[in-house]
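What follows is a short report on a single structure.
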Amino acid sequence: MVRVKIGEIVPGMRNIEVVGRIVSMGERKKVETRFGPAEVAAAILRDETGSIRLNLWRRQIDTVREGDLIMLVNAFASSFGGVVELNVGGDGRIIVLEGKGSSSARK
């Protein structure tokens with residue numbers, strides 16, 4: 001696993017570790033995937049080198065809040081509509097390092 005800064009992320013990167021702060025959370029949306037119906041919300045993750053869209057799927061949506069400092073473990077980067085975005089699959093994790101208004105991590 002390689003730790004990268006947001007400004008270094010390009011589509012196709014896999015098994016990456018990223019630390020950043022959630023600066024905004026989008027609305028929950030119901031979508032149809034090849035695996036069936038799901039919920040997704042887009043968040044913006046930022047560090048000192050830039051910002052990137054982070055897709056939060058299903059239970060991941062309730063894991064983070066705007067203002068949280070998080071670490072993504074085993075994330076991957078893709079491109080959708082020409083925009084680079086991050087996803088955390090079933091073998092990855094989202095760890096809250098510093099919760100907004102709370103010093104404890106949420107699972």
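Chain identifiers are assigned as A, B, and so on, following the order in which chains appear in the structure tokens; residues are numbered from 1 within each chain, and ligands are numbered from 1 in order of appearance.
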
Just the residues within 12 Å of region 54-60 of chain A, please, counting only C-alpha atoms, with nothing from its chain fewer than 4 positions along; format it as a PDB file with N, CA and C atoms, in the first residue's frame.
ATOM      1  N   ILE A   6      -3.395  13.963  -2.370  1.00  0.00           N
ATOM      2  CA  ILE A   6      -4.490  14.076  -3.323  1.00  0.00           C
ATOM      3  C   ILE A   6      -4.010  14.618  -4.666  1.00  0.00           C
ATOM      4  N   VAL A  18      -4.803   7.414   1.609  1.00  0.00           N
ATOM      5  CA  VAL A  18      -4.939   8.864   1.462  1.00  0.00           C
ATOM      6  C   VAL A  18      -5.472   9.442   2.771  1.00  0.00           C
ATOM      7  N   VAL A  19      -4.905  10.566   3.214  1.00  0.00           N
ATOM      8  CA  VAL A  19      -5.401  11.270   4.392  1.00  0.00           C
ATOM      9  C   VAL A  19      -5.900  12.634   3.935  1.00  0.00           C
ATOM     10  N   GLY A  20      -7.104  12.999   4.380  1.00  0.00           N
ATOM     11  CA  GLY A  20      -7.658  14.295   4.024  1.00  0.00           C
ATOM     12  C   GLY A  20      -8.858  14.628   4.889  1.00  0.00           C
ATOM     13  N   ARG A  21      -9.364  15.839   4.703  1.00  0.00           N
ATOM     14  CA  ARG A  21     -10.515  16.306   5.468  1.00  0.00           C
ATOM     15  C   ARG A  21     -11.729  16.379   4.545  1.00  0.00           C
ATOM     16  N   ILE A  22     -12.868  15.905   5.042  1.00  0.00           N
ATOM     17  CA  ILE A  22     -14.127  16.012   4.308  1.00  0.00           C
ATOM     18  C   ILE A  22     -14.581  17.473   4.398  1.00  0.00           C
ATOM     19  N   VAL A  23     -14.616  18.161   3.255  1.00  0.00           N
ATOM     20  CA  VAL A  23     -14.998  19.571   3.271  1.00  0.00           C
ATOM     21  C   VAL A  23     -16.443  19.780   2.833  1.00  0.00           C
ATOM     22  N   SER A  24     -17.029  18.790   2.189  1.00  0.00           N
ATOM     23  CA  SER A  24     -18.457  18.859   1.879  1.00  0.00           C
ATOM     24  C   SER A  24     -19.010  17.462   1.635  1.00  0.00           C
ATOM     25  N   MET A  25     -20.301  17.326   1.917  1.00  0.00           N
ATOM     26  CA  MET A  25     -21.011  16.051   1.722  1.00  0.00           C
ATOM     27  C   MET A  25     -22.210  16.320   0.825  1.00  0.00           C
ATOM     28  N   GLY A  26     -22.359  15.505  -0.194  1.00  0.00           N
ATOM     29  CA  GLY A  26     -23.501  15.630  -1.086  1.00  0.00           C
ATOM     30  C   GLY A  26     -24.701  14.842  -0.559  1.00  0.00           C
ATOM     31  N   GLU A  27     -25.802  14.986  -1.258  1.00  0.00           N
ATOM     32  CA  GLU A  27     -27.034  14.278  -0.911  1.00  0.00           C
ATOM     33  C   GLU A  27     -26.902  12.793  -1.211  1.00  0.00           C
ATOM     34  N   ARG A  28     -27.594  12.002  -0.426  1.00  0.00           N
ATOM     35  CA  ARG A  28     -27.723  10.570  -0.662  1.00  0.00           C
ATOM     36  C   ARG A  28     -28.583  10.354  -1.907  1.00  0.00           C
ATOM     37  N   LYS A  29     -28.118   9.483  -2.803  1.00  0.00           N
ATOM     38  CA  LYS A  29     -28.881   9.184  -4.021  1.00  0.00           C
ATOM     39  C   LYS A  29     -29.052   7.677  -4.155  1.00  0.00           C
ATOM     40  N   LYS A  30     -30.200   7.269  -4.658  1.00  0.00           N
ATOM     41  CA  LYS A  30     -30.428   5.858  -4.965  1.00  0.00           C
ATOM     42  C   LYS A  30     -30.042   5.638  -6.415  1.00  0.00           C
ATOM     43  N   VAL A  31     -29.203   4.621  -6.638  1.00  0.00           N
ATOM     44  CA  VAL A  31     -28.736   4.300  -7.981  1.00  0.00           C
ATOM     45  C   VAL A  31     -28.877   2.803  -8.229  1.00  0.00           C
ATOM     46  N   THR A  33     -26.899  -0.324  -9.741  1.00  0.00           N
ATOM     47  CA  THR A  33     -25.562  -0.768 -10.131  1.00  0.00           C
ATOM     48  C   THR A  33     -25.648  -2.174 -10.713  1.00  0.00           C
ATOM     49  N   GLY A  36     -27.010  -4.430  -8.235  1.00  0.00           N
ATOM     50  CA  GLY A  36     -28.348  -4.166  -7.724  1.00  0.00           C
ATOM     51  C   GLY A  36     -28.462  -2.746  -7.203  1.00  0.00           C
ATOM     52  N   PRO A  37     -29.603  -2.420  -6.572  1.00  0.00           N
ATOM     53  CA  PRO A  37     -29.805  -1.053  -6.080  1.00  0.00           C
ATOM     54  C   PRO A  37     -28.841  -0.713  -4.943  1.00  0.00           C
ATOM     55  N   ALA A  38     -28.443   0.558  -4.879  1.00  0.00           N
ATOM     56  CA  ALA A  38     -27.513   1.003  -3.841  1.00  0.00           C
ATOM     57  C   ALA A  38     -27.741   2.484  -3.577  1.00  0.00           C
ATOM     58  N   GLU A  39     -27.171   2.959  -2.481  1.00  0.00           N
ATOM     59  CA  GLU A  39     -27.168   4.387  -2.176  1.00  0.00           C
ATOM     60  C   GLU A  39     -25.731   4.884  -2.283  1.00  0.00           C
ATOM     61  N   VAL A  40     -25.580   6.096  -2.795  1.00  0.00           N
ATOM     62  CA  VAL A  40     -24.261   6.707  -2.928  1.00  0.00           C
ATOM     63  C   VAL A  40     -24.370   8.188  -2.586  1.00  0.00           C
ATOM     64  N   ALA A  41     -23.310   8.712  -2.016  1.00  0.00           N
ATOM     65  CA  ALA A  41     -23.205  10.144  -1.757  1.00  0.00           C
ATOM     66  C   ALA A  41     -21.785  10.568  -2.122  1.00  0.00           C
ATOM     67  N   ALA A  42     -21.663  11.731  -2.728  1.00  0.00           N
ATOM     68  CA  ALA A  42     -20.348  12.243  -3.104  1.00  0.00           C
ATOM     69  C   ALA A  42     -19.882  13.228  -2.043  1.00  0.00           C
ATOM     70  N   ALA A  43     -18.655  13.030  -1.598  1.00  0.00           N
ATOM     71  CA  ALA A  43     -18.022  13.957  -0.653  1.00  0.00           C
ATOM     72  C   ALA A  43     -16.810  14.556  -1.351  1.00  0.00           C
ATOM     73  N   ILE A  44     -16.362  15.696  -0.859  1.00  0.00           N
ATOM     74  CA  ILE A  44     -15.116  16.289  -1.348  1.00  0.00           C
ATOM     75  C   ILE A  44     -14.077  16.133  -0.242  1.00  0.00           C
ATOM     76  N   LEU A  45     -12.963  15.484  -0.597  1.00  0.00           N
ATOM     77  CA  LEU A  45     -11.856  15.242   0.324  1.00  0.00           C
ATOM     78  C   LEU A  45     -10.718  16.177  -0.063  1.00  0.00           C
ATOM     79  N   ARG A  46     -10.130  16.860   0.930  1.00  0.00           N
ATOM     80  CA  ARG A  46      -9.089  17.847   0.644  1.00  0.00           C
ATOM     81  C   ARG A  46      -7.871  17.638   1.542  1.00  0.00           C
ATOM     82  N   VAL A  64     -18.734   8.982   7.878  1.00  0.00           N
ATOM     83  CA  VAL A  64     -18.032  10.270   7.946  1.00  0.00           C
ATOM     84  C   VAL A  64     -19.013  11.433   7.963  1.00  0.00           C
ATOM     85  N   ARG A  65     -18.510  12.561   8.440  1.00  0.00           N
ATOM     86  CA  ARG A  65     -19.277  13.814   8.473  1.00  0.00           C
ATOM     87  C   ARG A  65     -18.404  14.937   7.933  1.00  0.00           C
ATOM     88  N   ILE A  70      -9.971  12.100   7.776  1.00  0.00           N
ATOM     89  CA  ILE A  70     -10.071  10.651   7.588  1.00  0.00           C
ATOM     90  C   ILE A  70      -8.851  10.095   6.877  1.00  0.00           C
ATOM     91  N   MET A  71      -8.695   8.770   6.991  1.00  0.00           N
ATOM     92  CA  MET A  71      -7.693   8.054   6.226  1.00  0.00           C
ATOM     93  C   MET A  71      -8.410   6.962   5.449  1.00  0.00           C
ATOM     94  N   LEU A  72      -8.155   6.924   4.149  1.00  0.00           N
ATOM     95  CA  LEU A  72      -8.669   5.863   3.303  1.00  0.00           C
ATOM     96  C   LEU A  72      -7.582   4.822   3.146  1.00  0.00           C
ATOM     97  N   ALA A  75      -7.781   2.301  -1.099  1.00  0.00           N
ATOM     98  CA  ALA A  75      -8.698   3.001  -1.996  1.00  0.00           C
ATOM     99  C   ALA A  75      -8.207   2.852  -3.436  1.00  0.00           C
ATOM    100  N   PHE A  76      -9.093   3.198  -4.376  1.00  0.00           N
ATOM    101  CA  PHE A  76      -8.688   3.195  -5.776  1.00  0.00           C
ATOM    102  C   PHE A  76      -9.258   4.414  -6.483  1.00  0.00           C
ATOM    103  N   ALA A  77      -8.549   4.853  -7.522  1.00  0.00           N
ATOM    104  CA  ALA A  77      -8.940   6.051  -8.268  1.00  0.00           C
ATOM    105  C   ALA A  77      -9.460   5.659  -9.635  1.00  0.00           C
ATOM    106  N   SER A  78     -10.516   6.344 -10.049  1.00  0.00           N
ATOM    107  CA  SER A  78     -11.074   6.124 -11.371  1.00  0.00           C
ATOM    108  C   SER A  78     -11.442   7.492 -11.946  1.00  0.00           C
ATOM    109  N   SER A  79     -11.972   7.474 -13.145  1.00  0.00           N
ATOM    110  CA  SER A  79     -12.400   8.712 -13.788  1.00  0.00           C
ATOM    111  C   SER A  79     -13.825   8.519 -14.274  1.00  0.00           C
ATOM    112  N   PHE A  80     -14.686   9.484 -13.982  1.00  0.00           N
ATOM    113  CA  PHE A  80     -16.073   9.438 -14.434  1.00  0.00           C
ATOM    114  C   PHE A  80     -16.409  10.804 -15.000  1.00  0.00           C
ATOM    115  N   VAL A  83     -13.655  13.370 -14.637  1.00  0.00           N
ATOM    116  CA  VAL A  83     -13.293  13.831 -13.295  1.00  0.00           C
ATOM    117  C   VAL A  83     -12.698  12.662 -12.511  1.00  0.00           C
ATOM    118  N   VAL A  84     -11.527  12.878 -11.925  1.00  0.00           N
ATOM    119  CA  VAL A  84     -10.889  11.843 -11.104  1.00  0.00           C
ATOM    120  C   VAL A  84     -11.646  11.729  -9.789  1.00  0.00           C
ATOM    121  N   GLU A  85     -11.922  10.502  -9.372  1.00  0.00           N
ATOM    122  CA  GLU A  85     -12.630  10.273  -8.114  1.00  0.00           C
ATOM    123  C   GLU A  85     -12.066   9.068  -7.388  1.00  0.00           C
ATOM    124  N   LEU A  86     -12.291   9.049  -6.074  1.00  0.00           N
ATOM    125  CA  LEU A  86     -11.838   7.956  -5.226  1.00  0.00           C
ATOM    126  C   LEU A  86     -13.012   7.093  -4.795  1.00  0.00           C
ATOM    127  N   ASN A  87     -12.736   5.807  -4.631  1.00  0.00           N
ATOM    128  CA  ASN A  87     -13.697   4.852  -4.092  1.00  0.00           C
ATOM    129  C   ASN A  87     -12.961   3.944  -3.114  1.00  0.00           C
ATOM    130  N   VAL A  88     -13.705   3.436  -2.150  1.00  0.00           N
ATOM    131  CA  VAL A  88     -13.163   2.458  -1.211  1.00  0.00           C
ATOM    132  C   VAL A  88     -14.038   1.218  -1.340  1.00  0.00           C
ATOM    133  N   GLY A  89     -13.473   0.152  -1.868  1.00  0.00           N
ATOM    134  CA  GLY A  89     -14.222  -1.082  -2.085  1.00  0.00           C
ATOM    135  C   GLY A  89     -14.377  -1.894  -0.813  1.00  0.00           C
ATOM    136  N   GLY A  90     -14.907  -3.088  -0.970  1.00  0.00           N
ATOM    137  CA  GLY A  90     -15.168  -3.966   0.169  1.00  0.00           C
ATOM    138  C   GLY A  90     -13.919  -4.379   0.932  1.00  0.00           C
ATOM    139  N   GLY A  92     -11.392  -2.342   1.422  1.00  0.00           N
ATOM    140  CA  GLY A  92     -10.771  -1.127   1.946  1.00  0.00           C
ATOM    141  C   GLY A  92     -11.445  -0.663   3.227  1.00  0.00           C
ATOM    142  N   ARG A  93     -10.896   0.410   3.813  1.00  0.00           N
ATOM    143  CA  ARG A  93     -11.461   0.948   5.055  1.00  0.00           C
ATOM    144  C   ARG A  93     -11.420   2.464   5.037  1.00  0.00           C
ATOM    145  N   ILE A  94     -12.361   3.038   5.781  1.00  0.00           N
ATOM    146  CA  ILE A  94     -12.361   4.471   6.037  1.00  0.00           C
ATOM    147  C   ILE A  94     -12.190   4.635   7.539  1.00  0.00           C
ATOM    148  N   ILE A  95     -11.116   5.295   7.951  1.00  0.00           N
ATOM    149  CA  ILE A  95     -10.820   5.486   9.367  1.00  0.00           C
ATOM    150  C   ILE A  95     -10.956   6.970   9.698  1.00  0.00           C
ATOM    151  N   VAL A  96     -11.789   7.291  10.677  1.00  0.00           N
ATOM    152  CA  VAL A  96     -11.940   8.682  11.119  1.00  0.00           C
ATOM    153  C   VAL A  96     -10.817   8.968  12.108  1.00  0.00           C
ATOM    154  N   ARG A 106     -15.580   6.934  14.644  1.00  0.00           N
ATOM    155  CA  ARG A 106     -16.863   6.263  14.423  1.00  0.00           C
ATOM    156  C   ARG A 106     -16.630   5.093  13.495  1.00  0.00           C
ATOM    157  N   LYS A 107     -17.367   4.022  13.688  1.00  0.00           N
ATOM    158  CA  LYS A 107     -17.253   2.861  12.781  1.00  0.00           C
ATOM    159  C   LYS A 107     -18.505   2.689  12.007  1.00  0.00           C
TER     160      LYS A 107
END

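Here CA of Thr49 (chain A) and CA of Val73 (chain A) stand 18.6 Å from one another.
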
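Put simply, CA of Leu69 (chain A) is 16.9 Å away from CA of Gly7 (chain A).
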